[in-house]
>>> print(open('input.cif').read())   # mmCIF, C-alpha atoms
data_work
loop_
_atom_site.label_atom_id
_atom_site.label_comp_id
_atom_site.auth_asym_id
_atom_site.auth_seq_id
_atom_site.Cartn_x
_atom_site.Cartn_y
_atom_site.Cartn_z
CA MET A 1 -2.27 4.83 19.21
CA THR A 2 -5.41 4.11 17.19
CA ALA A 3 -6.21 7.82 17.01
CA ALA A 4 -2.69 8.61 15.75
CA LEU A 5 -2.91 5.94 13.05
CA THR A 6 -6.33 7.17 11.99
CA MET A 7 -5.04 10.74 11.76
CA THR A 8 -2.01 9.62 9.75
CA ALA A 9 -4.21 7.68 7.33
CA SER A 10 -6.40 10.76 6.93
CA ILE A 11 -3.49 13.16 6.34
CA LEU A 12 -1.90 10.89 3.74
CA LYS A 13 -5.27 10.17 2.08
CA LEU A 14 -4.48 6.47 2.18
CA ARG A 15 -7.86 5.51 0.75
CA ILE A 16 -7.03 7.40 -2.43
CA GLY A 17 -3.41 6.30 -2.16
CA SER A 18 -4.41 2.65 -2.09
CA PHE A 19 -6.13 3.07 -5.47
CA VAL A 20 -3.08 4.85 -6.88
CA ALA A 21 -0.81 2.09 -5.56
CA LEU A 22 -3.16 -0.51 -7.07
CA ALA A 23 -2.85 1.28 -10.41
CA ALA A 24 0.94 1.00 -10.13
CA LEU A 25 0.63 -2.72 -9.41
CA VAL A 26 -1.59 -3.12 -12.48
CA GLY A 27 1.14 -1.39 -14.48
CA ILE A 28 3.75 -3.80 -13.11
CA VAL A 29 1.65 -6.84 -14.04
CA THR A 30 0.95 -5.59 -17.57
CA GLY A 31 4.33 -3.98 -18.25
CA GLY A 32 5.79 -6.97 -20.02
CA GLY A 33 8.83 -7.43 -17.79
CA GLU A 34 9.78 -9.89 -15.08
CA MET A 35 9.89 -7.97 -11.83
CA GLY A 36 10.32 -10.00 -8.65
CA TRP A 37 7.56 -9.84 -6.07
CA ILE A 38 9.80 -8.16 -3.48
CA GLU A 39 10.76 -5.43 -5.94
CA ALA A 40 7.12 -5.06 -6.96
CA LEU A 41 6.10 -4.66 -3.32
CA VAL A 42 8.82 -2.08 -2.70
CA PHE A 43 7.81 -0.09 -5.78
CA THR A 44 4.12 -0.25 -4.89
CA LEU A 45 4.91 1.06 -1.39
CA ALA A 46 7.00 3.83 -2.97
CA VAL A 47 4.01 4.88 -5.07
CA LEU A 48 1.81 4.76 -1.96
CA GLY A 49 4.30 7.01 -0.15
CA ALA A 50 4.48 9.51 -3.02
CA SER A 51 0.70 9.57 -3.27
CA GLY A 52 0.50 10.09 0.49
CA ALA A 53 2.87 13.05 0.27
CA ALA A 54 0.74 14.62 -2.47
CA GLY A 55 -2.42 13.96 -0.46
CA ALA A 56 -0.86 15.56 2.61
CA PHE A 57 0.03 18.66 0.57
CA ASN A 58 -3.60 18.75 -0.53
CA HIS A 59 -4.83 18.55 3.09
CA TYR A 60 -2.45 21.25 4.25
CA PHE A 61 -3.04 23.83 1.53
CA GLU A 62 -6.80 23.28 1.40
CA ARG A 63 -7.41 23.48 5.14
CA GLU A 64 -9.40 26.73 4.87
CA SER A 65 -11.76 25.52 2.15
CA ASP A 66 -12.03 22.11 3.81
CA ARG A 67 -13.64 23.82 6.81
CA LEU A 68 -16.51 24.91 4.55
CA MET A 69 -17.37 21.39 3.42
CA ALA A 70 -19.24 18.95 5.63
CA ARG A 71 -17.36 15.91 4.33
CA THR A 72 -13.91 17.47 4.91
CA ALA A 73 -14.46 19.74 7.94
CA MET A 74 -13.06 17.17 10.38
CA ARG A 75 -9.78 16.60 8.57
CA PRO A 76 -6.82 17.17 10.94
CA PHE A 77 -5.70 20.55 9.55
CA ALA A 78 -9.20 21.80 8.81
CA SER A 79 -10.47 20.93 12.29
CA GLY A 80 -7.48 22.46 14.05
CA LYS A 81 -6.22 19.19 15.52
CA LEU A 82 -2.95 19.95 13.75
CA LYS A 83 -1.64 23.51 13.60
CA PRO A 84 -0.11 24.88 10.39
CA GLY A 85 3.62 25.49 10.26
CA ALA A 86 6.64 25.22 7.98
CA ILE A 87 7.49 21.80 9.40
CA TRP A 88 4.57 20.19 7.59
CA PRO A 89 5.47 21.05 3.96
CA LEU A 90 9.07 20.08 4.74
CA THR A 91 7.94 16.76 6.17
CA PHE A 92 5.74 16.01 3.18
CA THR A 93 8.57 16.93 0.80
CA ALA A 94 10.90 14.59 2.67
CA LEU A 95 8.34 11.79 2.36
CA LEU A 96 8.06 12.41 -1.38
CA ALA A 97 11.85 12.43 -1.79
CA ALA A 98 12.25 9.20 0.18
CA SER A 99 9.50 7.56 -1.87
CA LEU A 100 11.12 8.60 -5.15
CA VAL A 101 14.49 7.20 -4.06
CA MET A 102 12.75 3.99 -2.99
CA GLY A 103 11.00 3.70 -6.34
CA TRP A 104 14.18 4.49 -8.29
CA SER A 105 16.14 1.83 -6.40
CA VAL A 106 13.99 -0.99 -7.79
CA GLY A 107 12.32 0.55 -10.85
CA GLY A 108 14.85 2.86 -12.44
CA MET A 109 14.90 6.52 -13.40
CA LEU A 110 11.97 6.60 -15.82
CA ALA A 111 9.66 4.91 -13.32
CA ALA A 112 10.71 7.32 -10.55
CA LEU A 113 10.17 10.28 -12.88
CA LEU A 114 6.65 9.09 -13.68
CA VAL A 115 5.92 8.68 -9.96
CA PHE A 116 7.07 12.26 -9.42
CA CYS A 117 4.88 13.48 -12.30
CA GLY A 118 1.85 11.84 -10.69
CA ALA A 119 2.53 13.37 -7.26
CA PHE A 120 3.28 16.79 -8.78
CA THR A 121 0.10 16.68 -10.87
CA TYR A 122 -2.08 16.05 -7.83
CA GLY A 123 -0.20 18.08 -5.21
CA VAL A 124 0.63 21.16 -7.29
CA VAL A 125 -1.10 21.23 -10.69
CA TYR A 126 -4.48 20.10 -9.36
CA THR A 127 -4.43 21.42 -5.79
CA LEU A 128 -2.71 24.78 -6.24
CA TRP A 129 -3.34 25.74 -9.86
CA LEU A 130 -6.55 24.21 -11.16
CA LYS A 131 -9.01 23.20 -8.46
CA ARG A 132 -10.49 26.66 -7.81
CA ARG A 133 -9.85 28.14 -11.24
CA THR A 134 -11.40 25.91 -13.85
CA VAL A 135 -14.11 23.34 -14.39
CA TRP A 136 -11.43 21.16 -16.02
CA ASN A 137 -9.71 20.64 -12.66
CA VAL A 138 -10.40 16.91 -12.25
CA VAL A 139 -9.96 16.26 -15.98
CA ILE A 140 -6.32 17.34 -15.92
CA GLY A 141 -5.85 16.17 -12.34
CA GLY A 142 -6.92 12.71 -13.47
CA ALA A 143 -3.48 12.27 -15.02
CA ALA A 144 -2.09 11.57 -11.54
CA GLY A 145 -3.44 8.02 -11.48
CA SER A 146 -2.43 7.42 -15.09
CA PHE A 147 1.17 8.34 -14.26
CA ALA A 148 1.18 5.73 -11.47
CA LEU A 149 0.09 2.96 -13.84
CA LEU A 150 2.70 3.95 -16.42
CA ALA A 151 5.30 4.11 -13.67
CA GLY A 152 4.56 0.53 -12.70
CA ALA A 153 4.93 -0.57 -16.32
CA ALA A 154 8.24 1.27 -16.65
CA ALA A 155 9.50 -0.29 -13.43
CA ALA A 156 8.60 -3.79 -14.60
CA ALA A 157 10.37 -3.43 -17.95
CA PRO A 158 13.03 -0.70 -17.65
CA GLU A 159 14.83 -2.07 -20.70
CA PHE A 160 11.96 -0.73 -22.84
CA GLY A 161 13.07 2.81 -21.99
CA PRO A 162 10.41 5.39 -22.89
CA VAL A 163 8.49 2.86 -25.02
CA LEU A 164 5.81 1.19 -22.91
CA ALA A 165 3.73 -1.89 -23.68
CA PRO A 166 0.31 -1.27 -25.28
CA VAL A 167 -1.78 -2.72 -22.42
CA PRO A 168 -0.62 -0.29 -19.70
CA VAL A 169 -0.93 2.60 -22.16
CA ILE A 170 -4.55 1.61 -22.88
CA LEU A 171 -5.32 1.14 -19.18
CA SER A 172 -3.75 4.49 -18.31
CA ALA A 173 -5.99 6.15 -20.90
CA MET A 174 -8.97 4.39 -19.35
CA LEU A 175 -7.94 5.60 -15.89
CA PHE A 176 -7.56 9.15 -17.21
CA LEU A 177 -11.17 9.01 -18.42
CA TRP A 178 -12.34 7.28 -15.22
CA THR A 179 -11.34 10.06 -12.82
CA PRO A 180 -13.67 12.88 -14.01
CA PRO A 181 -16.99 10.96 -13.81
CA HIS A 182 -15.88 9.48 -10.49
CA PHE A 183 -15.47 12.93 -8.92
CA TRP A 184 -18.27 14.59 -10.89
CA ALA A 185 -20.71 12.02 -9.52
CA LEU A 186 -19.56 12.88 -6.00
CA ALA A 187 -19.87 16.59 -6.73
CA ALA A 188 -23.37 16.05 -8.10
CA ALA A 189 -24.33 14.43 -4.79
CA LYS A 190 -22.59 17.03 -2.63
CA GLY A 191 -22.88 20.14 -4.77
CA ALA A 192 -23.69 22.45 -1.86
CA ASP A 193 -20.36 21.58 -0.24
CA TYR A 194 -18.36 22.44 -3.35
CA GLU A 195 -20.39 25.61 -3.92
CA ARG A 196 -19.68 26.87 -0.39
CA ALA A 197 -15.98 26.18 -0.86
CA GLY A 198 -15.92 27.98 -4.22
CA ILE A 199 -14.75 24.93 -6.18
CA PRO A 200 -16.06 25.05 -9.78
CA MET A 201 -16.84 21.37 -10.27
CA LEU A 202 -18.86 20.67 -13.41
CA PRO A 203 -22.11 19.78 -11.55
CA VAL A 204 -21.79 23.03 -9.55
CA VAL A 205 -21.42 25.45 -12.47
CA THR A 206 -23.74 23.68 -14.94
CA GLY A 207 -27.13 22.01 -14.79
CA PRO A 208 -27.88 18.28 -15.13
CA GLU A 209 -28.73 18.80 -18.79
CA VAL A 210 -24.98 19.40 -19.28
CA TRP A 211 -23.18 17.30 -16.67
CA GLY A 212 -25.48 14.27 -17.03
CA PRO A 213 -24.58 13.58 -20.69
CA VAL A 214 -20.92 14.47 -20.04
CA ILE A 215 -20.64 11.92 -17.23
CA PHE A 216 -22.38 9.23 -19.27
CA SER A 217 -20.26 9.86 -22.37
CA HIS A 218 -17.05 9.62 -20.32
CA VAL A 219 -18.21 6.32 -18.84
CA LEU A 220 -19.22 4.94 -22.24
CA VAL A 221 -15.85 5.75 -23.81
CA LEU A 222 -13.80 4.42 -20.89
CA VAL A 223 -15.81 1.17 -20.83
CA LEU A 224 -15.15 0.68 -24.55
CA ILE A 225 -11.44 1.40 -24.03
CA SER A 226 -11.30 -1.06 -21.13
CA PHE A 227 -11.82 -3.93 -23.61
CA GLY A 228 -8.76 -2.86 -25.63
CA PRO A 229 -6.34 -5.05 -23.63
CA LEU A 230 -8.19 -8.13 -24.91
CA LEU A 231 -6.65 -7.36 -28.31
CA TYR A 232 -3.16 -7.56 -26.78
CA GLY A 233 -3.27 -10.83 -24.93
CA LEU A 234 -5.30 -10.40 -21.77
CA GLY A 235 -7.65 -13.31 -21.31
CA PRO A 236 -11.28 -14.10 -20.44
CA LEU A 237 -10.87 -13.49 -16.69
CA TYR A 238 -9.97 -9.88 -17.42
CA GLY A 239 -12.74 -9.59 -20.00
CA LEU A 240 -15.34 -10.87 -17.55
CA CYS A 241 -14.27 -8.42 -14.84
CA ALA A 242 -14.14 -5.51 -17.29
CA ALA A 243 -17.59 -6.39 -18.63
CA LEU A 244 -19.14 -6.68 -15.17
CA GLY A 245 -17.57 -3.46 -13.88
CA GLY A 246 -18.41 -1.62 -17.08
CA ALA A 247 -22.04 -2.77 -17.01
CA LEU A 248 -22.48 -1.57 -13.42
CA PHE A 249 -20.87 1.80 -14.17
CA LEU A 250 -22.87 2.30 -17.38
CA ARG A 251 -26.16 1.37 -15.75
CA SER A 252 -25.69 3.75 -12.82
CA SER A 253 -24.52 6.66 -15.02
CA TRP A 254 -27.50 6.07 -17.36
CA ARG A 255 -29.86 6.24 -14.40
CA LEU A 256 -28.15 9.45 -13.29
CA LEU A 257 -28.58 10.89 -16.79
CA ARG A 258 -32.29 10.03 -16.81
CA CYS A 259 -32.92 11.05 -13.19
CA PRO A 260 -30.29 13.42 -11.75
CA GLU A 261 -30.99 12.83 -8.07
CA ARG A 262 -28.56 12.63 -5.17
CA ARG A 263 -29.09 8.90 -4.62
CA ASN A 264 -28.32 8.16 -8.27
CA ALA A 265 -25.21 10.34 -8.09
CA MET A 266 -23.93 8.43 -5.06
CA ALA A 267 -24.78 5.14 -6.77
CA THR A 268 -22.68 6.24 -9.76
CA PHE A 269 -19.83 7.24 -7.45
CA ARG A 270 -19.90 3.80 -5.80
CA ALA A 271 -20.17 2.09 -9.19
CA SER A 272 -17.01 3.89 -10.31
CA LEU A 273 -15.15 2.35 -7.36
CA PHE A 274 -16.47 -1.10 -8.22
CA HIS A 275 -15.43 -0.61 -11.83
CA PHE A 276 -11.87 0.33 -10.89
CA ALA A 277 -11.62 -2.56 -8.43
CA LEU A 278 -13.03 -5.12 -10.89
CA VAL A 279 -10.80 -4.04 -13.79
CA SER A 280 -7.77 -4.16 -11.50
CA ALA A 281 -8.82 -7.57 -10.17
CA GLY A 282 -9.21 -8.78 -13.75
CA VAL A 283 -5.64 -7.76 -14.56
CA LEU A 284 -4.25 -9.41 -11.44
CA LEU A 285 -6.26 -12.62 -11.94
CA ASP A 286 -5.10 -12.77 -15.54
CA GLY A 287 -1.52 -12.39 -14.36
CA VAL A 288 -1.92 -15.17 -11.79
CA ALA A 289 -3.48 -17.46 -14.41
CA ARG A 290 -0.54 -16.87 -16.74
CA TRP A 291 1.94 -17.51 -13.95
CA VAL A 292 0.26 -20.77 -12.94
CA SER A 293 0.12 -22.00 -16.53
#
>>> encode(input="input.cif", output="structure tokens")
Amino acid sequence: MTAALTMTASILKLRIGSFVALAALVGIVTGGGEMGWIEALVFTLAVLGASGAAGAFNHYFERESDRLMARTAMRPFASGKLKPGAIWPLTFTALLAASLVMGWSVGGMLAALLVFCGAFTYGVVYTLWLKRRTVWNVVIGGAAGSFALLAGAAAAAPEFGPVLAPVPVILSAMLFLWTPPHFWALAAAKGADYERAGIPMLPVVTGPEVWGPVIFSHVLVLVLISFGPLLYGLGPLYGLCAALGGALFLRSSWRLLRCPERRNAMATFRASLFHFALVSAGVLLDGVARWVS
């Protein structure tokens, strides 16, 4: 039973999916509407399901290249634990469809459409079209998480139609800028893996004199943008979390710029996770404080 659950979590990329679902929850909290907690939970699970379907597509269609990378060689399809067949894409499509219906039932059509855009961006645009063709793969693929945050905002305030509140728009822009340095830092640490698999990540096709400043400049801009919500009503709890997460991310990316070693790349990768978690925690804490008051 434990092995089956572990394999399912791996196939659906639930670690990534949990961050995408958290982004949707951040969108719900900052969307400006009054969504009940049950509806919010249902919508967040719908986003998790759609993200899982996209992650499963990624696992299935990248099984050959995954075998060439040490960190992905033991994934179920890459390792041969699961055999390829038409049933898998059909199953993943069914999961995506069910998740979209689930999201639509509590969040409306615009929210469901944005959830679909996020899953399509990751599962098709990034996985099938961009990943092996261009160094801009994770830049454009980073829109997947931004769509989830906007979807949460649209679900929370469907009466706004296509016009979303400024805070989720700012945070979605921050998330769009967050994704490239997050993955570039990982690629800088594990460049040999990506090179063997033929994936043109920025740290694989350029030297540290190029990717070091690019990573740092992305982090600098996204940290500055992360303070934007303070201009639209978010309070000191959010500001404190954004400042702490931003300081950690900036410090690690500066060290990577000055000394492009593997340990500094992994430190920057971990700092990116802390930054995302702290900014999200700041939004949620701010929402709880407003609710209590």
>>> atom_distance(input="input.cif", atom1="CA of Gly32 in chain A", atom2="CA of Pro180 in chain A")
28.4 Å
>>> closest_residue(input="input.cif", among="A:Pro208, A:Ala54, A:Leu130, A:Leu164", to="Thr91 in chain A", atoms="all atoms listed in the file")
A:Ala54
>>> resolve_selection(input="input.cif", expression="the PyMOL selection byres ((chain A and resi 118-121) around 9)", output="PDB file with C-alpha atoms, in the coordinates of the input")
ATOM      1  CA  VAL A  47       4.010   4.880  -5.070  1.00  0.00           C
ATOM      2  CA  ALA A  50       4.480   9.510  -3.020  1.00  0.00           C
ATOM      3  CA  SER A  51       0.700   9.570  -3.270  1.00  0.00           C
ATOM      4  CA  GLY A  52       0.500  10.090   0.490  1.00  0.00           C
ATOM      5  CA  ALA A  53       2.870  13.050   0.270  1.00  0.00           C
ATOM      6  CA  ALA A  54       0.740  14.620  -2.470  1.00  0.00           C
ATOM      7  CA  GLY A  55      -2.420  13.960  -0.460  1.00  0.00           C
ATOM      8  CA  LEU A  96       8.060  12.410  -1.380  1.00  0.00           C
ATOM      9  CA  LEU A 113      10.170  10.280 -12.880  1.00  0.00           C
ATOM     10  CA  LEU A 114       6.650   9.090 -13.680  1.00  0.00           C
ATOM     11  CA  VAL A 115       5.920   8.680  -9.960  1.00  0.00           C
ATOM     12  CA  PHE A 116       7.070  12.260  -9.420  1.00  0.00           C
ATOM     13  CA  CYS A 117       4.880  13.480 -12.300  1.00  0.00           C
ATOM     14  CA  TYR A 122      -2.080  16.050  -7.830  1.00  0.00           C
ATOM     15  CA  GLY A 123      -0.200  18.080  -5.210  1.00  0.00           C
ATOM     16  CA  VAL A 124       0.630  21.160  -7.290  1.00  0.00           C
ATOM     17  CA  VAL A 125      -1.100  21.230 -10.690  1.00  0.00           C
ATOM     18  CA  TYR A 126      -4.480  20.100  -9.360  1.00  0.00           C
ATOM     19  CA  THR A 127      -4.430  21.420  -5.790  1.00  0.00           C
ATOM     20  CA  ILE A 140      -6.320  17.340 -15.920  1.00  0.00           C
ATOM     21  CA  GLY A 141      -5.850  16.170 -12.340  1.00  0.00           C
ATOM     22  CA  GLY A 142      -6.920  12.710 -13.470  1.00  0.00           C
ATOM     23  CA  ALA A 143      -3.480  12.270 -15.020  1.00  0.00           C
ATOM     24  CA  ALA A 144      -2.090  11.570 -11.540  1.00  0.00           C
ATOM     25  CA  GLY A 145      -3.440   8.020 -11.480  1.00  0.00           C
ATOM     26  CA  SER A 146      -2.430   7.420 -15.090  1.00  0.00           C
ATOM     27  CA  PHE A 147       1.170   8.340 -14.260  1.00  0.00           C
ATOM     28  CA  ALA A 148       1.180   5.730 -11.470  1.00  0.00           C
ATOM     29  CA  ALA A 151       5.300   4.110 -13.670  1.00  0.00           C
TER      30      ALA A 151
END
>>> closest_residue(input="input.cif", among="A:Pro84, A:Pro89, A:Gly33, A:Gly282", to="Leu244 in chain A", atoms="only C-alpha atoms")
A:Gly282
>>> resolve_selection(input="input.cif", expression="the PyMOL selection byres ((chain A and resi 195) around 12)", output="short mmCIF file (atom, residue, chain, number, x, y, z; two decimals) with C-alpha atoms, in the coordinates of the input")
data_model
loop_
_atom_site.label_atom_id
_atom_site.label_comp_id
_atom_site.auth_asym_id
_atom_site.auth_seq_id
_atom_site.Cartn_x
_atom_site.Cartn_y
_atom_site.Cartn_z
CA SER A 65 -11.76 25.52 2.15
CA ASP A 66 -12.03 22.11 3.81
CA LEU A 68 -16.51 24.91 4.55
CA MET A 69 -17.37 21.39 3.42
CA ALA A 70 -19.24 18.95 5.63
CA ARG A 132 -10.49 26.66 -7.81
CA ALA A 187 -19.87 16.59 -6.73
CA ALA A 188 -23.37 16.05 -8.10
CA ALA A 189 -24.33 14.43 -4.79
CA LYS A 190 -22.59 17.03 -2.63
CA GLY A 191 -22.88 20.14 -4.77
CA ALA A 192 -23.69 22.45 -1.86
CA ASP A 193 -20.36 21.58 -0.24
CA TYR A 194 -18.36 22.44 -3.35
CA ARG A 196 -19.68 26.87 -0.39
CA ALA A 197 -15.98 26.18 -0.86
CA GLY A 198 -15.92 27.98 -4.22
CA ILE A 199 -14.75 24.93 -6.18
CA PRO A 200 -16.06 25.05 -9.78
CA MET A 201 -16.84 21.37 -10.27
CA LEU A 202 -18.86 20.67 -13.41
CA PRO A 203 -22.11 19.78 -11.55
CA VAL A 204 -21.79 23.03 -9.55
CA VAL A 205 -21.42 25.45 -12.47
CA THR A 206 -23.74 23.68 -14.94
#
>>> residues_around(input="input.cif", residues="Ala23 in chain A", least_positions_apart="4", cutoff="10 Å", atoms="only C-alpha atoms", output="list in words")
Gly17, Ser18, Phe19, Gly27, Ile28, Val29, Thr44, Val47, Gly145, Ser146, Phe147, Ala148, Leu149, Leu150, Ala151, Gly152, Ala153, Pro168, Leu171, Ser172, Leu175, Phe276, Ala277 and Ser280 of chain A
>>> resolve_selection(input="input.cif", expression="the PyMOL selection byres ((chain A and resi 278) around 10)", output="number ranges by chain")
A: 238, 240-246, 272-277, 279-284
>>> atom_distance(input="input.cif", atom1="CA of Ala73 in chain A", atom2="CA of Val135 in chain A")
22.6 Å
>>> residues_near_point(input="input.cif", point="(-2.3, 13.2, 7.6)", cutoff="10 Å", atoms="only C-alpha atoms", output="ChimeraX atom specification")
/A:4-14,52-53,55-60,75-77,82,88,92
>>> write_last_selection(input="input.cif", atoms="C-alpha atoms", output="PDB file, keeping the file's coordinate frame")
ATOM      1  CA  ALA A   4      -2.690   8.610  15.750  1.00  0.00           C
ATOM      2  CA  LEU A   5      -2.910   5.940  13.050  1.00  0.00           C
ATOM      3  CA  THR A   6      -6.330   7.170  11.990  1.00  0.00           C
ATOM      4  CA  MET A   7      -5.040  10.740  11.760  1.00  0.00           C
ATOM      5  CA  THR A   8      -2.010   9.620   9.750  1.00  0.00           C
ATOM      6  CA  ALA A   9      -4.210   7.680   7.330  1.00  0.00           C
ATOM      7  CA  SER A  10      -6.400  10.760   6.930  1.00  0.00           C
ATOM      8  CA  ILE A  11      -3.490  13.160   6.340  1.00  0.00           C
ATOM      9  CA  LEU A  12      -1.900  10.890   3.740  1.00  0.00           C
ATOM     10  CA  LYS A  13      -5.270  10.170   2.080  1.00  0.00           C
ATOM     11  CA  LEU A  14      -4.480   6.470   2.180  1.00  0.00           C
ATOM     12  CA  GLY A  52       0.500  10.090   0.490  1.00  0.00           C
ATOM     13  CA  ALA A  53       2.870  13.050   0.270  1.00  0.00           C
ATOM     14  CA  GLY A  55      -2.420  13.960  -0.460  1.00  0.00           C
ATOM     15  CA  ALA A  56      -0.860  15.560   2.610  1.00  0.00           C
ATOM     16  CA  PHE A  57       0.030  18.660   0.570  1.00  0.00           C
ATOM     17  CA  ASN A  58      -3.600  18.750  -0.530  1.00  0.00           C
ATOM     18  CA  HIS A  59      -4.830  18.550   3.090  1.00  0.00           C
ATOM     19  CA  TYR A  60      -2.450  21.250   4.250  1.00  0.00           C
ATOM     20  CA  ARG A  75      -9.780  16.600   8.570  1.00  0.00           C
ATOM     21  CA  PRO A  76      -6.820  17.170  10.940  1.00  0.00           C
ATOM     22  CA  PHE A  77      -5.700  20.550   9.550  1.00  0.00           C
ATOM     23  CA  LEU A  82      -2.950  19.950  13.750  1.00  0.00           C
ATOM     24  CA  TRP A  88       4.570  20.190   7.590  1.00  0.00           C
ATOM     25  CA  PHE A  92       5.740  16.010   3.180  1.00  0.00           C
TER      26      PHE A  92
END
>>> atom_distance(input="input.cif", atom1="CA of Gly31 in chain A", atom2="CA of Val139 in chain A")
24.9 Å
>>> closest_residue(input="input.cif", among="A:Thr134, A:Phe61, A:Met109, A:Ala267", to="Pro158 in chain A", atoms="all atoms listed in the file")
A:Met109
>>> closest_residue(input="input.cif", among="A:Gly239, A:Ser226, A:Cys259, A:Thr30", to="Ala165 in chain A", atoms="all atoms listed in the file")
A:Thr30
>>> residues_around(input="input.cif", residues="His218 in chain A", least_positions_apart="5", cutoff="9 Å", atoms="only C-alpha atoms", output="PyMOL selection string")
chain A and resi 177-178+180-181+213+223
>>> closest_residue(input="input.cif", among="A:Ala289, A:Gly233, A:Glu62, A:Ile170", to="Lys131 in chain A", atoms="all atoms listed in the file")
A:Glu62
>>> residues_around(input="input.cif", residues="Glu39 in chain A", least_positions_apart="2", cutoff="12 Å", atoms="all atoms listed in the file", output="PDB file with C-alpha atoms, in the coordinates of the input")
ATOM      1  CA  LEU A  25       0.630  -2.720  -9.410  1.00  0.00           C
ATOM      2  CA  ILE A  28       3.750  -3.800 -13.110  1.00  0.00           C
ATOM      3  CA  GLU A  34       9.780  -9.890 -15.080  1.00  0.00           C
ATOM      4  CA  MET A  35       9.890  -7.970 -11.830  1.00  0.00           C
ATOM      5  CA  GLY A  36      10.320 -10.000  -8.650  1.00  0.00           C
ATOM      6  CA  TRP A  37       7.560  -9.840  -6.070  1.00  0.00           C
ATOM      7  CA  LEU A  41       6.100  -4.660  -3.320  1.00  0.00           C
ATOM      8  CA  VAL A  42       8.820  -2.080  -2.700  1.00  0.00           C
ATOM      9  CA  PHE A  43       7.810  -0.090  -5.780  1.00  0.00           C
ATOM     10  CA  THR A  44       4.120  -0.250  -4.890  1.00  0.00           C
ATOM     11  CA  LEU A  45       4.910   1.060  -1.390  1.00  0.00           C
ATOM     12  CA  ALA A  46       7.000   3.830  -2.970  1.00  0.00           C
ATOM     13  CA  MET A 102      12.750   3.990  -2.990  1.00  0.00           C
ATOM     14  CA  GLY A 103      11.000   3.700  -6.340  1.00  0.00           C
ATOM     15  CA  TRP A 104      14.180   4.490  -8.290  1.00  0.00           C
ATOM     16  CA  SER A 105      16.140   1.830  -6.400  1.00  0.00           C
ATOM     17  CA  VAL A 106      13.990  -0.990  -7.790  1.00  0.00           C
ATOM     18  CA  GLY A 107      12.320   0.550 -10.850  1.00  0.00           C
ATOM     19  CA  GLY A 108      14.850   2.860 -12.440  1.00  0.00           C
ATOM     20  CA  GLY A 152       4.560   0.530 -12.700  1.00  0.00           C
ATOM     21  CA  ALA A 155       9.500  -0.290 -13.430  1.00  0.00           C
ATOM     22  CA  ALA A 156       8.600  -3.790 -14.600  1.00  0.00           C
TER      23      ALA A 156
END
